[in-house]
Amino acid sequence: MANLKELSKHAERLTGGHRLCAGCGAGAVARQTLIAAGDTPVVVVSATGCLEVSTSVFPYTSWKTPFFHSAFENSAATCSGVEAAYKSLKKQGKIKDEEIRFIAFGGDGGTYDIGLQSLSGAMERGHRMLYVCYNNEAYMNTGIQRSSATPKGASASTSPVGKVIQGKEQPKKDLTAIMVAHNIPYVAQSTIGNWNDYVTKVQKALNTDGPTFINVMTPCRLGWGCKPEDSMEMVRLAVDTCIWPVYEVVDGVYKMTMKPRGGEKKPVTEFFKHQTRFKHLLKPENAELLASIQADVDAKWNKILALCGEK
Amino acid sequence: MVKTMFSKGKIVAKTGNEIMAEAMRQIAPDVVAAYPITPATEIVQIFSQFVADGKVPTEFVAVESEHSAMSATISASVAGARAMTGTSSQGFALMWEMLYIAAGLRLPIVMAEVNRALSAPINIHGDQSDTMGARDAGWIQIYSENSQEAYDNMIQSVRIAEAAKLPAMVTTDGFIISHCMEVAEVYPDADVKEFVGEYKPERALLDYKRPFTLGAIDLQDYYFEHRYQLAQAMRDSKKIILEVADEFKKKFGREYGFYEKYEMDDAEIAIVTIGSAAGTTKAVVDNLRAKGIKAGLIKIRVYRPFPAEEIAKDLSKVKAIAVLDRADSCSATFAPVYLDVVAALYANCGDKAPKAENYIYGLGGREISLEHIEEVYMKLDAVAKGTKKASTQVEYINVRIK
C-alpha cells in the first residue's frame, strides 16, 4: 500500500500549464505514475494522443523527465528501443550502472487498436518496461471516435446513436486478458478514481524485472458527457457497477484488489445515467439492449471473481 | 582485379549482404532493431550470429515488424545509442511514416537498404523503386555499384550521418549485388573503429539529469522553421559528404565523391545511371571507345542530396545524354533520376543543356544487357549527330509492350 506521506516527499515531475481539459483523467494518470516512481530516474515515451499533444506544445513541455514521442501506434516499440539502448550502453560501460525505469503511455486508441502489434511485440520480447494504457474508451483526441475499448451501446462519433443503430454494437475487447496471455510477470486493471490502488500497482510494476502492463480506466468528461468535477466519480462508479473490475495478475495468478464500495454491486444504470454517451440506453425502447449489457457485465464479473478465487 | 588500397587491407570474397553485415560488425552499433525481408534478410541473420557469438556488444531487438524496427531504432538513437537497421521494399514501405520522422527528428541512423521492387505485383527482385519512393523523406541516400562500395559506403555513412544530423541509407541492388559473391577489400576492425569514432549525441534521453522533450507538437508557428532547418541540413550535407570521403581516401585509399565519372573528359554522349547497371555500362563504354565513339558514363553514388550544380557542369559539354532509371514514377511524364538531372541542367545550363532522354529499365529484376545499353548509346550517337530527334517521352528497355 502506498503511503501519502512518503509520496509527498518526492518532487512533482509533471508541471502545470499543459492543455488538458478540466476534469481530464489522463493528466492525473501521468502525474500519479511519476509520483509512484518516487525519485527513481524514469524515461517516458508516449503515443500520439491527448496526453502527449497537450503536454508538449513546442516550445513548452510539462515533463521534467526525459520525454519522447514519435508516432501513434508505436509507443511500446519506442519504449523497447530506449530500454535496449540502456542495456547496451550500460553493458559497454558507456553510461553509469544505475537504475533507470522505462514507461510507455498510450491511450486505448494507441494501445487496443493501432498499437496492439507494437505492444504485443514488446511484451513478448521481455523488455523491462511498464506500459500504461490510459483507457477512456474511445479515440478522444481526434473527436471521440469508437475504439475496440468502447463499451457496447456507447455512442461515439463513428458509432453514433441513430434511427437504426443504437451506438456501438460490439462489446469491448479484453486487452488485459490478451496481456495475461503474453505470460508477462505483472498485469493489472486499475482506476484513476482510487489513487492508492493505482500508485501501488505502478510501484509493483516498476519493481518487477520484466514487461508489465496496467490498464487504467481514465475519465474523459467531454467524450463521456459529464461535468468535469464529476469525472473521477464516474470511474469510481465503473468499479461500483462492476463494469470495470479492478485486479492484478502476478505471474499468472489473479487477485482482486478493489470491490464495489460498501460491498454492494450497483446496476449499470448508475454508471450510465450520468453520461450523455449512454443516455439513450435508459430509454424504454432500448430496455432489451440495456438488459443484454447488464447480463454481459454480470457474466464478465462472475468470470473475474472466479479467476480471482472470490465469490 | 581488386587490389588492396590500404596497407593493412585484406582481400575477401563476400556478397553484398555479407559485406554490409561485416561493416556493421566492425561499426559495432549499440542497438540494431530489424525485421527480415528478402533480399535483405541475410544482413540481419548474419548480424544475429555475430550477436549470438559475442562478436558485437550490440543489443539486437528482434522486432515484430519494420514499422517497429524503425521506431525502436529511432528511440534507441534518441536515447543516446548508435543505432542501425536494414530492410527492403515492402518492409521499407511499411516504415515510411517513420522515415520522415527519423529525418524530422534529425537522427543519425544508418540503414542498409537492399533495393527491391515494390508490390503490387509482389516481386522480390532488384529495382530501385523502394528507396526512390522515399527521396523526399530527408534521408541521405547513397547507392552502391558493388560490394566494395557497399562496404565503404556503410563505414562513411556513420560519420556522414552523425556530422550532418541526418539519417542515411546505403543501398545495393537486390539479388544482383546483395547475393552476388564479389572480391573486395576489407580493413582491420581497429581501423574501421578508429574511422567511425565514438557517437557523441548532444542530448540523450538516458542523460536523465538533463531532461528534455523530443517529438513535441509544432503548431503553425514553428513547423515551417523546423522543416526549413531539415532542408538546409540536406544542403549542408554535401560538404560533409566530401569531407568524409576525403578523410576516407587519406586513410583507406579509395576515392569517392557524389558520383563517378567514367570516360567523361571528352565524352560526346553519356549515360547517367545508378547502381549495378553502371558496371555493365562501363564495359559498353570500353567497347564503344575502342571503336572511336566518345561515350561516357556518370554513375551517381549520392542521390540525396542531389549534386545538381556539379552534375550539370560535368554534363554541360556532352551533346546528348540518357538517364537510365531503375524505377518508374507513374507521373505520366518521366522517372525520378531523370527529373533531378534535367532540373539541374535547366537551372545551370539553360538553353545550352544537352539533349536528355529517359529510359526505364530493370524493373522487378528484369535483365539489362550489354546489347541493351549499346543500343541506347547508338541512339544517343544519332541524336548527337542530328540524324535523330531526342525522345521527348520516357522509353522502356527490354519490356514487352502491347
# chains A, B, ... in the order shown; residues from 1 in each chain; ligands from 1
>>> closest_atom_pairs(of="chain A", to="chain B", cutoff="6 Å", atoms="only C-alpha atoms", output="JSON lines")
{"residue": "A:Ser56", "atom": "CA", "partner": "B:Ala216", "partner_atom": "CA", "distance": 4.9}
{"residue": "A:Val57", "atom": "CA", "partner": "B:Ile217", "partner_atom": "CA", "distance": 5.1}
{"residue": "A:Phe58", "atom": "CA", "partner": "B:Asp218", "partner_atom": "CA", "distance": 5.4}
{"residue": "A:Thr65", "atom": "CA", "partner": "B:Pro211", "partner_atom": "CA", "distance": 5.2}
{"residue": "A:Pro66", "atom": "CA", "partner": "B:Pro211", "partner_atom": "CA", "distance": 4.3}
{"residue": "A:Phe67", "atom": "CA", "partner": "B:Thr213", "partner_atom": "CA", "distance": 4.6}
{"residue": "A:Phe68", "atom": "CA", "partner": "B:Leu214", "partner_atom": "CA", "distance": 5.0}
{"residue": "A:His69", "atom": "CA", "partner": "B:Gly215", "partner_atom": "CA", "distance": 4.8}
{"residue": "A:Ser70", "atom": "CA", "partner": "B:Gly215", "partner_atom": "CA", "distance": 5.6}
{"residue": "A:Ala77", "atom": "CA", "partner": "B:Ala72", "partner_atom": "CA", "distance": 5.4}
{"residue": "A:Thr78", "atom": "CA", "partner": "B:Ala72", "partner_atom": "CA", "distance": 4.9}
{"residue": "A:Gly81", "atom": "CA", "partner": "B:Ala72", "partner_atom": "CA", "distance": 4.0}
{"residue": "A:Val82", "atom": "CA", "partner": "B:Ala76", "partner_atom": "CA", "distance": 4.8}
{"residue": "A:Ala85", "atom": "CA", "partner": "B:Ala76", "partner_atom": "CA", "distance": 5.1}
{"residue": "A:Ser88", "atom": "CA", "partner": "B:Glu59", "partner_atom": "CA", "distance": 5.4}
{"residue": "A:Gly121", "atom": "CA", "partner": "B:Glu64", "partner_atom": "CA", "distance": 5.5}
>>> atom_distance(atom1="atom CA of Ser148 of chain A", atom2="atom CA of Lys227 of chain A")
24.6 Å
>>> residues_around(residues="Lys239 of chain B", least_positions_apart="4", cutoff="12 Å", atoms="only C-alpha atoms", output="list in words")
Ile160, Ala163, Ala164, Ala233, Met234, Arg235, Glu243, Val244, Ala245, Asp246, Gly257, Phe258, Pro305 and Pro307 of chain B
>>> closest_residue(among="A:Asn194, A:Gln203, A:Gly223, A:Lys152", to="Ser292 of chain A", atoms="only C-alpha atoms")
A:Lys152
>>> residues_around(residues="Arg221 of chain A", least_positions_apart="2", cutoff="12 Å", atoms="only C-alpha atoms", output="ChimeraX atom specification")
/A:20-26,136-138,140,144,218-219,223-235,274-277
